[in-house]
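Structure file model-v7.cif with mmCIF, C-alpha atoms:
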```cif
data_upload
#
loop_
_atom_site.group_PDB
_atom_site.id
_atom_site.type_symbol
_atom_site.label_atom_id
_atom_site.label_comp_id
_atom_site.auth_asym_id
_atom_site.auth_seq_id
_atom_site.Cartn_x
_atom_site.Cartn_y
_atom_site.Cartn_z
ATOM 1 C CA MET A 14 -65.657 12.697 51.362
ATOM 2 C CA PHE A 15 -62.824 14.118 49.254
ATOM 3 C CA HIS A 16 -62.604 17.766 48.202
ATOM 4 C CA VAL A 17 -60.010 19.884 46.383
ATOM 5 C CA GLU A 18 -59.865 23.570 47.308
ATOM 6 C CA GLU A 19 -57.188 25.946 46.029
ATOM 7 C CA ASN A 20 -54.996 22.972 45.053
ATOM 8 C CA MET A 21 -55.228 21.594 48.598
ATOM 9 C CA GLN A 22 -56.641 18.131 49.265
ATOM 10 C CA LYS A 23 -59.217 18.040 52.065
ATOM 11 C CA VAL A 24 -61.225 15.166 53.497
ATOM 12 C CA LYS A 25 -64.298 14.953 55.711
ATOM 13 C CA GLU A 26 -65.649 11.857 57.386
ATOM 14 C CA ILE A 27 -69.306 11.077 56.569
ATOM 15 C CA LEU A 28 -71.634 9.428 59.075
ATOM 16 C CA MET A 29 -74.004 7.158 57.159
ATOM 17 C CA VAL A 30 -77.660 7.318 58.287
ATOM 18 C CA LYS A 31 -79.430 4.033 57.507
ATOM 19 C CA GLU A 32 -82.711 4.623 59.404
ATOM 20 C CA PRO A 33 -85.018 7.226 57.752
ATOM 21 C CA GLN A 34 -86.690 8.247 61.044
ATOM 22 C CA LYS A 35 -83.310 9.318 62.442
ATOM 23 C CA LEU A 36 -82.660 11.488 59.412
ATOM 24 C CA ARG A 37 -86.070 13.106 59.936
ATOM 25 C CA MET A 38 -85.037 14.037 63.484
ATOM 26 C CA ILE A 39 -81.895 15.724 62.211
ATOM 27 C CA LEU A 40 -83.613 17.686 59.422
ATOM 28 C CA ASN A 41 -86.114 19.527 61.640
ATOM 29 C CA LYS A 42 -85.624 23.298 61.154
ATOM 30 C CA LEU A 43 -84.815 24.100 64.789
ATOM 31 C CA THR A 44 -82.771 20.917 65.211
ATOM 32 C CA TRP A 45 -80.683 21.947 62.233
ATOM 33 C CA LYS A 46 -80.004 25.380 63.774
ATOM 34 C CA ILE A 47 -78.800 23.679 66.953
ATOM 35 C CA LEU A 48 -76.532 21.367 64.930
ATOM 36 C CA LEU A 49 -75.000 24.338 63.119
ATOM 37 C CA LEU A 50 -74.247 26.040 66.446
ATOM 38 C CA LEU A 51 -72.637 22.899 67.817
ATOM 39 C CA CYS A 52 -70.503 22.613 64.685
ATOM 40 C CA GLU A 53 -68.928 25.958 65.562
ATOM 41 C CA LYS A 54 -68.139 24.983 69.173
ATOM 42 C CA GLU A 55 -69.293 22.620 71.898
ATOM 43 C CA MET A 56 -72.164 24.146 73.933
ATOM 44 C CA TYR A 57 -74.607 23.285 76.740
ATOM 45 C CA PRO A 58 -78.430 23.630 76.336
ATOM 46 C CA LEU A 59 -78.890 26.897 78.280
ATOM 47 C CA GLU A 60 -76.140 28.510 76.233
ATOM 48 C CA ILE A 61 -77.869 27.367 73.043
ATOM 49 C CA ALA A 62 -81.229 28.683 74.245
ATOM 50 C CA LYS A 63 -79.762 32.142 74.919
ATOM 51 C CA LYS A 64 -78.047 32.158 71.533
ATOM 52 C CA LEU A 65 -81.250 31.238 69.648
ATOM 53 C CA GLU A 66 -83.488 33.297 71.996
ATOM 54 C CA ILE A 67 -85.838 30.398 72.700
ATOM 55 C CA HIS A 68 -86.998 28.586 75.846
ATOM 56 C CA GLU A 69 -84.493 26.177 77.397
ATOM 57 C CA GLN A 70 -87.011 23.290 77.483
ATOM 58 C CA LYS A 71 -87.383 23.522 73.703
ATOM 59 C CA VAL A 72 -83.642 23.112 73.341
ATOM 60 C CA TYR A 73 -83.617 20.100 75.692
ATOM 61 C CA TYR A 74 -86.362 18.479 73.578
ATOM 62 C CA HIS A 75 -84.347 18.775 70.376
ATOM 63 C CA ILE A 76 -81.076 17.826 72.091
ATOM 64 C CA ARG A 77 -82.696 14.549 73.211
ATOM 65 C CA LYS A 78 -83.826 13.883 69.609
ATOM 66 C CA LEU A 79 -80.327 14.524 68.280
ATOM 67 C CA VAL A 80 -78.785 12.231 70.877
ATOM 68 C CA LYS A 81 -81.319 9.515 70.060
ATOM 69 C CA ALA A 82 -80.530 9.885 66.356
ATOM 70 C CA GLY A 83 -76.830 9.474 67.150
ATOM 71 C CA ALA A 84 -76.003 12.899 65.693
ATOM 72 C CA ILE A 85 -74.480 14.512 68.805
ATOM 73 C CA LYS A 86 -72.741 13.378 71.970
ATOM 74 C CA VAL A 87 -71.652 14.733 75.356
ATOM 75 C CA VAL A 88 -67.988 15.695 75.235
ATOM 76 C CA ARG A 89 -67.563 17.094 78.739
ATOM 77 C CA GLU A 90 -69.430 18.092 81.880
ATOM 78 C CA GLU A 91 -68.981 21.180 84.021
ATOM 79 C CA GLU A 92 -70.413 22.385 87.321
ATOM 80 C CA ARG A 93 -72.312 25.665 86.815
ATOM 81 C CA LYS A 94 -74.265 27.336 89.642
ATOM 82 C CA GLY A 95 -74.835 24.101 91.527
ATOM 83 C CA ALA A 96 -75.891 22.126 88.489
ATOM 84 C CA THR A 97 -74.076 19.954 85.948
ATOM 85 C CA ALA A 98 -73.902 21.444 82.469
ATOM 86 C CA LYS A 99 -73.415 18.915 79.692
ATOM 87 C CA TYR A 100 -71.565 20.159 76.613
ATOM 88 C CA TYR A 101 -72.527 18.634 73.270
ATOM 89 C CA LYS A 102 -70.897 18.439 69.839
ATOM 90 C CA PRO A 103 -71.761 16.596 66.582
ATOM 91 C CA VAL A 104 -70.386 13.087 66.146
ATOM 92 C CA SER A 105 -69.578 14.045 62.542
ATOM 93 C CA HIS A 106 -69.482 17.153 60.356
ATOM 94 C CA ALA A 107 -71.213 15.335 57.491
ATOM 95 C CA PHE A 108 -74.239 13.035 57.342
ATOM 96 C CA GLY A 109 -75.318 10.939 54.382
ATOM 97 C CA ILE A 110 -77.752 8.270 53.239
ATOM 98 C CA GLU A 111 -76.357 4.940 52.095
ATOM 99 C CA LEU A 112 -78.392 3.078 49.490
ATOM 100 C CA PRO A 113 -77.852 -0.670 48.971
ATOM 101 C CA ASN A 114 -75.812 -0.328 45.778
ATOM 102 C CA GLU A 115 -72.698 -2.379 45.182
ATOM 103 C CA TYR A 116 -69.273 -0.863 45.692
ATOM 104 C CA LYS A 117 -67.083 -0.210 42.660
ATOM 105 C CA THR A 118 -63.320 -0.569 42.430
ATOM 106 C CA LEU A 119 -61.619 2.788 42.064
ATOM 107 C CA LYS A 120 -59.336 3.164 39.076
ATOM 108 C CA ARG A 121 -56.277 5.358 39.000
ATOM 109 C CA PHE A 122 -56.752 8.379 41.239
ATOM 110 C CA SER A 123 -55.954 11.607 39.455
ATOM 111 C CA LEU A 124 -56.330 15.183 40.636
ATOM 112 C CA GLN A 125 -56.921 18.133 38.362
ATOM 113 C CA SER A 126 -54.117 19.850 40.269
ATOM 114 C CA ILE A 127 -51.692 17.105 39.186
ATOM 115 C CA GLU A 128 -50.922 17.678 35.528
ATOM 116 C CA ALA A 129 -50.414 14.982 32.920
ATOM 117 C CA LYS A 130 -46.653 15.483 32.591
ATOM 118 C CA ILE A 131 -45.771 14.418 36.145
ATOM 119 C CA GLN A 132 -48.085 11.417 35.857
ATOM 120 C CA LYS A 133 -46.445 10.573 32.523
ATOM 121 C CA PHE A 134 -43.022 10.674 34.191
ATOM 122 C CA PHE A 135 -44.142 8.014 36.690
ATOM 123 C CA GLU A 136 -46.374 6.136 34.219
ATOM 124 C CA GLU A 137 -44.499 2.817 34.359
ATOM 125 C CA PHE A 138 -44.605 2.916 38.164
ATOM 126 C CA ILE A 139 -48.416 2.978 38.408
ATOM 127 C CA SER A 140 -50.685 0.033 37.637
ATOM 128 C CA GLU A 141 -54.054 0.302 35.878
ATOM 129 C CA ASP A 142 -55.673 0.175 39.322
ATOM 130 C CA GLY A 143 -53.590 3.134 40.498
ATOM 131 C CA VAL A 144 -51.241 1.086 42.712
ATOM 132 C CA PHE A 145 -47.535 1.897 42.936
ATOM 133 C CA GLU A 146 -45.532 -0.737 41.031
ATOM 134 C CA GLY A 147 -41.884 -0.805 41.982
ATOM 135 C CA LYS A 148 -39.465 -0.210 44.827
ATOM 136 C CA ILE A 149 -38.002 2.951 46.302
ATOM 137 C CA VAL A 150 -34.410 2.081 47.218
ATOM 138 C CA VAL A 151 -32.418 4.017 49.823
ATOM 139 C CA GLY A 152 -28.894 3.491 51.123
ATOM 140 C CA SER A 153 -28.316 1.510 54.297
ATOM 141 C CA PRO A 154 -27.721 3.660 57.410
ATOM 142 C CA ILE A 155 -24.835 1.404 58.502
ATOM 143 C CA PRO A 156 -21.356 1.454 56.874
ATOM 144 C CA HIS A 157 -21.474 -0.585 53.680
ATOM 145 C CA GLY A 158 -20.121 -0.841 50.131
ATOM 146 C CA PRO A 159 -16.623 0.028 48.859
ATOM 147 C CA PHE A 160 -16.857 3.527 50.361
ATOM 148 C CA LYS A 161 -17.876 2.076 53.752
ATOM 149 C CA THR A 162 -20.358 4.916 54.116
ATOM 150 C CA SER A 163 -23.544 5.331 56.129
ATOM 151 C CA ALA A 164 -26.451 6.818 54.181
ATOM 152 C CA ARG A 165 -27.832 10.086 55.558
ATOM 153 C CA ASP A 166 -30.289 10.822 52.764
ATOM 154 C CA GLY A 167 -32.743 7.916 53.033
ATOM 155 C CA HIS A 168 -35.311 9.986 54.920
ATOM 156 C CA TYR A 169 -35.789 12.164 51.842
ATOM 157 C CA ALA A 170 -37.712 9.221 50.382
ATOM 158 C CA SER A 171 -40.556 10.010 52.805
ATOM 159 C CA HIS A 172 -41.040 13.416 51.163
ATOM 160 C CA LEU A 173 -41.161 11.701 47.780
ATOM 161 C CA THR A 174 -43.723 9.130 48.942
ATOM 162 C CA PHE A 175 -46.051 11.853 50.259
ATOM 163 C CA PHE A 176 -45.894 13.427 46.808
ATOM 164 C CA LEU A 177 -46.531 10.128 45.006
ATOM 165 C CA GLY A 178 -49.527 9.540 47.272
ATOM 166 C CA GLN A 179 -51.387 12.272 45.393
ATOM 167 C CA PHE A 180 -51.852 10.068 42.340
ATOM 168 C CA THR A 181 -51.047 6.492 43.362
ATOM 169 C CA SER A 182 -51.890 4.171 46.241
ATOM 170 C CA LEU A 183 -49.783 1.860 48.387
ATOM 171 C CA PRO A 184 -49.008 -1.688 47.228
ATOM 172 C CA GLU A 185 -49.544 -4.638 49.539
ATOM 173 C CA GLU A 186 -45.804 -5.202 49.910
ATOM 174 C CA PHE A 187 -43.570 -2.621 51.586
ATOM 175 C CA ALA A 188 -42.413 -0.260 48.839
ATOM 176 C CA ILE A 189 -39.233 1.154 50.422
ATOM 177 C CA LYS A 190 -36.128 -1.049 50.648
ATOM 178 C CA LEU A 191 -32.490 -0.712 51.625
ATOM 179 C CA ASP A 192 -29.943 -1.104 48.831
ATOM 180 C CA VAL A 193 -28.338 -4.075 50.591
ATOM 181 C CA ASP A 194 -31.702 -5.854 50.809
ATOM 182 C CA VAL A 195 -32.526 -5.273 47.143
ATOM 183 C CA LYS A 196 -29.204 -6.786 46.138
ATOM 184 C CA ALA A 197 -29.678 -9.732 48.487
ATOM 185 C CA GLU A 198 -33.222 -10.396 47.260
ATOM 186 C CA LYS A 199 -32.305 -9.888 43.573
ATOM 187 C CA GLU A 200 -34.958 -7.231 42.967
ATOM 188 C CA GLU A 201 -32.889 -5.184 40.531
ATOM 189 C CA LYS A 202 -35.230 -6.238 37.702
ATOM 190 C CA ASN A 203 -38.142 -4.253 39.173
ATOM 191 C CA ASN A 204 -39.166 -0.658 38.501
ATOM 192 C CA LEU A 205 -36.834 1.255 40.828
ATOM 193 C CA ILE A 206 -36.574 4.745 42.262
ATOM 194 C CA LEU A 207 -33.058 5.139 43.648
ATOM 195 C CA VAL A 208 -32.586 7.791 46.322
ATOM 196 C CA GLY A 209 -28.935 8.592 47.078
ATOM 197 C CA GLY A 210 -25.658 8.845 45.207
ATOM 198 C CA PRO A 211 -23.186 6.047 44.429
ATOM 199 C CA GLY A 212 -21.319 6.679 47.644
ATOM 200 C CA THR A 213 -24.264 5.571 49.761
ATOM 201 C CA ASN A 214 -26.566 3.618 47.437
ATOM 202 C CA LEU A 215 -25.105 0.435 45.955
ATOM 203 C CA LEU A 216 -27.752 0.326 43.196
ATOM 204 C CA THR A 217 -26.867 3.841 42.022
ATOM 205 C CA GLN A 218 -23.233 2.756 42.053
ATOM 206 C CA GLU A 219 -23.918 -0.294 39.852
ATOM 207 C CA LEU A 220 -26.073 1.734 37.504
ATOM 208 C CA ASN A 221 -23.565 4.572 37.124
ATOM 209 C CA GLU A 222 -22.134 3.465 33.766
ATOM 210 C CA HIS A 223 -25.647 3.424 32.262
ATOM 211 C CA LEU A 224 -26.457 7.022 33.251
ATOM 212 C CA PRO A 225 -26.358 9.772 30.588
ATOM 213 C CA ILE A 226 -24.725 12.056 33.185
ATOM 214 C CA LYS A 227 -22.592 9.886 35.434
ATOM 215 C CA PHE A 228 -20.683 10.153 38.679
ATOM 216 C CA ASN A 229 -16.900 10.205 38.379
ATOM 217 C CA MET A 230 -15.660 7.137 40.275
ATOM 218 C CA LYS A 231 -12.012 6.173 39.845
ATOM 219 C CA PRO A 232 -10.450 3.051 41.373
ATOM 220 C CA SER A 233 -7.409 3.470 43.609
ATOM 221 C CA ARG A 234 -5.411 1.442 46.125
ATOM 222 C CA GLU A 235 -7.693 2.738 48.883
ATOM 223 C CA GLY A 236 -10.869 1.855 46.990
ATOM 224 C CA PHE A 237 -12.751 4.421 44.886
ATOM 225 C CA LEU A 238 -12.112 8.137 44.502
ATOM 226 C CA PHE A 239 -15.329 10.053 44.076
ATOM 227 C CA GLY A 240 -15.099 13.134 41.843
ATOM 228 C CA GLY A 241 -18.558 14.618 41.312
ATOM 229 C CA LEU A 242 -20.822 14.502 38.260
ATOM 230 C CA VAL A 243 -19.490 14.478 34.700
ATOM 231 C CA SER A 244 -21.656 15.293 31.680
ATOM 232 C CA ARG A 245 -21.144 13.213 28.550
ATOM 233 C CA LYS A 246 -22.855 15.942 26.543
ATOM 234 C CA THR A 247 -21.046 19.115 27.681
ATOM 235 C CA PHE A 248 -18.030 17.449 29.383
ATOM 236 C CA ARG A 249 -18.574 19.712 32.377
ATOM 237 C CA THR A 250 -17.798 18.491 35.883
ATOM 238 C CA TYR A 251 -20.019 19.390 38.835
ATOM 239 C CA ASN A 252 -18.322 19.025 42.213
ATOM 240 C CA ALA A 253 -20.509 21.083 44.572
ATOM 241 C CA ASP A 254 -22.098 19.215 47.480
ATOM 242 C CA THR A 255 -25.496 20.727 46.626
ATOM 243 C CA VAL A 256 -25.466 19.328 43.076
ATOM 244 C CA GLY A 257 -27.244 16.146 42.073
ATOM 245 C CA LEU A 258 -28.736 14.204 39.193
ATOM 246 C CA ILE A 259 -32.318 13.380 38.248
ATOM 247 C CA ALA A 260 -32.430 10.668 35.601
ATOM 248 C CA LYS A 261 -34.940 8.257 34.141
ATOM 249 C CA ILE A 262 -33.633 5.355 32.093
ATOM 250 C CA VAL A 263 -34.539 1.861 30.913
ATOM 251 C CA ASN A 264 -33.664 -0.725 33.531
ATOM 252 C CA PRO A 265 -30.547 -2.437 32.063
ATOM 253 C CA TRP A 266 -31.373 -5.640 33.986
ATOM 254 C CA ASN A 267 -34.938 -5.751 32.600
ATOM 255 C CA THR A 268 -35.717 -3.539 29.616
ATOM 256 C CA ASP A 269 -39.469 -3.717 30.289
ATOM 257 C CA LYS A 270 -38.921 -1.753 33.503
ATOM 258 C CA ARG A 271 -37.711 1.764 34.285
ATOM 259 C CA ILE A 272 -35.357 3.318 36.836
ATOM 260 C CA ILE A 273 -35.519 6.836 38.235
ATOM 261 C CA VAL A 274 -32.393 8.146 39.975
ATOM 262 C CA LEU A 275 -32.375 10.986 42.519
ATOM 263 C CA ALA A 276 -28.739 11.218 43.545
ATOM 264 C CA GLY A 277 -26.504 13.973 44.861
ATOM 265 C CA ASN A 278 -22.773 14.405 45.309
ATOM 266 C CA LYS A 279 -23.643 14.591 49.009
ATOM 267 C CA ALA A 280 -26.878 14.182 51.003
ATOM 268 C CA VAL A 281 -27.796 17.838 50.469
ATOM 269 C CA GLY A 282 -27.551 17.283 46.713
ATOM 270 C CA THR A 283 -29.938 14.339 46.962
ATOM 271 C CA LYS A 284 -32.357 16.574 48.876
ATOM 272 C CA ALA A 285 -32.169 19.132 46.055
ATOM 273 C CA CYS A 286 -33.109 16.397 43.557
ATOM 274 C CA VAL A 287 -36.081 15.257 45.631
ATOM 275 C CA LEU A 288 -37.297 18.862 45.902
ATOM 276 C CA ALA A 289 -36.818 19.310 42.155
ATOM 277 C CA LEU A 290 -39.160 16.398 41.452
ATOM 278 C CA THR A 291 -41.759 17.226 44.123
ATOM 279 C CA ASN A 292 -41.863 20.961 44.835
ATOM 280 C CA PHE A 293 -40.453 22.151 41.490
ATOM 281 C CA TRP A 294 -41.431 19.420 39.027
ATOM 282 C CA LYS A 295 -42.931 21.854 36.496
ATOM 283 C CA LYS A 296 -39.538 23.478 36.040
ATOM 284 C CA THR A 297 -37.645 20.187 36.212
ATOM 285 C CA LEU A 298 -39.825 18.286 33.724
ATOM 286 C CA LYS A 299 -40.485 21.193 31.374
ATOM 287 C CA GLU A 300 -38.548 19.457 28.571
ATOM 288 C CA TYR A 301 -39.648 15.907 29.406
ATOM 289 C CA ASP A 302 -41.152 14.363 26.260
ATOM 290 C CA GLY A 303 -41.830 10.828 27.450
ATOM 291 C CA LYS A 304 -38.698 9.320 25.917
ATOM 292 C CA ALA A 305 -36.944 6.434 27.644
ATOM 293 C CA THR A 306 -33.928 8.500 28.707
ATOM 294 C CA PHE A 307 -34.114 11.778 30.617
ATOM 295 C CA ALA A 308 -31.491 13.526 32.768
ATOM 296 C CA LYS A 309 -31.067 16.881 34.509
ATOM 297 C CA VAL A 310 -28.289 18.282 36.700
ATOM 298 C CA ILE A 311 -29.815 20.005 39.711
ATOM 299 C CA GLN A 312 -28.274 22.433 42.183
ATOM 300 C CA GLY A 313 -29.915 23.264 45.495
ATOM 301 C CA PHE A 314 -29.984 26.724 47.076
ATOM 302 C CA ASP A 315 -30.800 28.084 50.512
ATOM 303 C CA LEU A 316 -32.823 31.189 49.654
ATOM 304 C CA ASP A 317 -34.135 32.011 53.131
ATOM 305 C CA GLY A 318 -30.740 31.620 54.792
ATOM 306 C CA ASP A 319 -31.745 29.016 57.379
ATOM 307 C CA GLY A 320 -29.018 26.575 56.374
ATOM 308 C CA LYS A 321 -31.384 24.235 54.515
ATOM 309 C CA VAL A 322 -31.895 23.771 50.773
ATOM 310 C CA ASP A 323 -35.294 25.192 49.799
ATOM 311 C CA SER A 324 -34.960 26.000 46.081
ATOM 312 C CA ILE A 325 -33.314 24.580 42.974
ATOM 313 C CA GLU A 326 -31.814 25.547 39.655
ATOM 314 C CA ILE A 327 -31.285 23.345 36.593
ATOM 315 C CA LEU A 328 -27.632 23.494 35.510
ATOM 316 C CA GLU A 329 -27.996 21.157 32.544
#
```
Please go through the file and, once you have read it, give me the structure as structure tokens.
Amino acid sequence: MFHVEENMQKVKEILMVKEPQKLRMILNKLTWKILLLLCEKEMYPLEIAKKLEIHEQKVYYHIRKLVKAGAIKVVREEERKGATAKYYKPVSHAFGIELPNEYKTLKRFSLQSIEAKIQKFFEEFISEDGVFEGKIVVGSPIPHGPFKTSARDGHYASHLTFFLGQFTSLPEEFAIKLDVDVKAEKEEKNNLILVGGPGTNLLTQELNEHLPIKFNMKPSREGFLFGGLVSRKTFRTYNADTVGLIAKIVNPWNTDKRIIVLAGNKAVGTKACVLALTNFWKKTLKEYDGKATFAKVIQGFDLDGDGKVDSIEILE
């Protein structure tokens, strides 16, 4: 059973009761009082009898009915005054009746707490059945590419996937891939979410020239010189480690698909971009109008002084 309370998602497992006589055992007035007590904490019959101010034998009678109905179980035993006290608790905190109706396929899952704009931003990445369509690409953790770097920002993809799980479900195939694997398997033509800057993610590097705000990469005898983000609109350069880019563009290798880029000058900048799209998406997507191209320069800040980025500002 799914429930939303104060913008928090909560679930409760339901035990299905298929035999009417068992349900009748559970719904007896005194039996129900005992169940409610056991929901609060595990108890033994004498303890229940004292709490309800009734005879112990009455409690034993109803406990046996609840056990027979499969509603409660013994969770532990304890020696008390020369006797063994059995502690009981419910097997579930919810009971229901299942009628023989056919199951229906769930369509796209949408919460009231998740507004239309964030779902619109990921629209091309979600099928009609609510399944994630695309790949999340992170940099390889071993030295690779012209910079010979090891990615240290791939784990930020896990935070993103938890967020996406609020309004989409997992595909059958593994959704997260390393940049080197995507290139080897020629999956560039898919819907892609690229996590990591051009220094660590080969796909971000190849896509750089197509970005409305691009990373400054200059060739040299030693390889590439990396010089931060450069805006084509304002001509400003952003060199801080905590700065990154959020962009959504048409996939240049397949114009029917889309690419979302979450890339920082350094790993901490990538983290700021992930936070901007998960924790602070209302601010980040305030001006998003559904057009094919969207880009924002993000800077991360450590407001609580613990050495970790926990807030963001939009620089452009």
Report task. Go through the shown structure with the PyMOL selection byres ((chain A and resi 306) around 7) and write out the matching residues as a ChimeraX atom specification. Result -> /A:261-262,304-305,307-308
Could you list, as a compact mmCIF listing (two decimals) with C-alpha atoms, keeping the file's coordinate frame, every residue within 12 Å of A:Pro225, counting all atoms listed in the file and ignoring same-chain residues fewer than 3 positions away?
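Writing done, so here's out08.txt:
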```
# COMPACT_ATOMS: atom_id res chain seq x y z
CA LEU A 220 -26.07 1.73 37.50
CA ASN A 221 -23.56 4.57 37.12
CA GLU A 222 -22.13 3.46 33.77
CA PHE A 228 -20.68 10.15 38.68
CA LEU A 242 -20.82 14.50 38.26
CA VAL A 243 -19.49 14.48 34.70
CA SER A 244 -21.66 15.29 31.68
CA ARG A 245 -21.14 13.21 28.55
CA LYS A 246 -22.86 15.94 26.54
CA THR A 247 -21.05 19.11 27.68
CA PHE A 248 -18.03 17.45 29.38
CA LEU A 258 -28.74 14.20 39.19
CA ILE A 259 -32.32 13.38 38.25
CA ALA A 260 -32.43 10.67 35.60
CA LYS A 261 -34.94 8.26 34.14
CA ILE A 262 -33.63 5.36 32.09
CA VAL A 263 -34.54 1.86 30.91
CA VAL A 274 -32.39 8.15 39.98
CA ALA A 305 -36.94 6.43 27.64
CA THR A 306 -33.93 8.50 28.71
CA PHE A 307 -34.11 11.78 30.62
CA ALA A 308 -31.49 13.53 32.77
CA LYS A 309 -31.07 16.88 34.51
CA VAL A 310 -28.29 18.28 36.70
CA GLU A 329 -28.00 21.16 32.54
```
Query raised in the report: At what distance in Å, to one decimal, does atom CA of A:Glu32 lie from atom CA of A:His106?
Result: 18.2 Å
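For the set A:Val193, A:Ile206, A:Ala280, A:Leu183, the residue with the smallest atom-to-atom gap to A:Ile155 is A:Val193, counting all atoms listed in the file.
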Evaluate the PyMOL selection byres ((chain A and resi 215) around 10) and report residues as a PDB file with C-alpha atoms, in the coordinates of the input:
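Wrote it out as result38.pdb, contents follow:
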```
ATOM      1  CA  VAL A 150     -34.410   2.081  47.218  1.00  0.00           C
ATOM      2  CA  VAL A 151     -32.418   4.017  49.823  1.00  0.00           C
ATOM      3  CA  GLY A 152     -28.894   3.491  51.123  1.00  0.00           C
ATOM      4  CA  SER A 153     -28.316   1.510  54.297  1.00  0.00           C
ATOM      5  CA  HIS A 157     -21.474  -0.585  53.680  1.00  0.00           C
ATOM      6  CA  GLY A 158     -20.121  -0.841  50.131  1.00  0.00           C
ATOM      7  CA  PRO A 159     -16.623   0.028  48.859  1.00  0.00           C
ATOM      8  CA  PHE A 160     -16.857   3.527  50.361  1.00  0.00           C
ATOM      9  CA  LEU A 191     -32.490  -0.712  51.625  1.00  0.00           C
ATOM     10  CA  ASP A 192     -29.943  -1.104  48.831  1.00  0.00           C
ATOM     11  CA  VAL A 193     -28.338  -4.075  50.591  1.00  0.00           C
ATOM     12  CA  VAL A 195     -32.526  -5.273  47.143  1.00  0.00           C
ATOM     13  CA  LYS A 196     -29.204  -6.786  46.138  1.00  0.00           C
ATOM     14  CA  LEU A 207     -33.058   5.139  43.648  1.00  0.00           C
ATOM     15  CA  GLY A 209     -28.935   8.592  47.078  1.00  0.00           C
ATOM     16  CA  GLY A 210     -25.658   8.845  45.207  1.00  0.00           C
ATOM     17  CA  PRO A 211     -23.186   6.047  44.429  1.00  0.00           C
ATOM     18  CA  GLY A 212     -21.319   6.679  47.644  1.00  0.00           C
ATOM     19  CA  THR A 213     -24.264   5.571  49.761  1.00  0.00           C
ATOM     20  CA  ASN A 214     -26.566   3.618  47.437  1.00  0.00           C
ATOM     21  CA  LEU A 216     -27.752   0.326  43.196  1.00  0.00           C
ATOM     22  CA  THR A 217     -26.867   3.841  42.022  1.00  0.00           C
ATOM     23  CA  GLN A 218     -23.233   2.756  42.053  1.00  0.00           C
ATOM     24  CA  GLU A 219     -23.918  -0.294  39.852  1.00  0.00           C
ATOM     25  CA  LEU A 220     -26.073   1.734  37.504  1.00  0.00           C
ATOM     26  CA  ASN A 221     -23.565   4.572  37.124  1.00  0.00           C
TER      27      ASN A 221
END
```
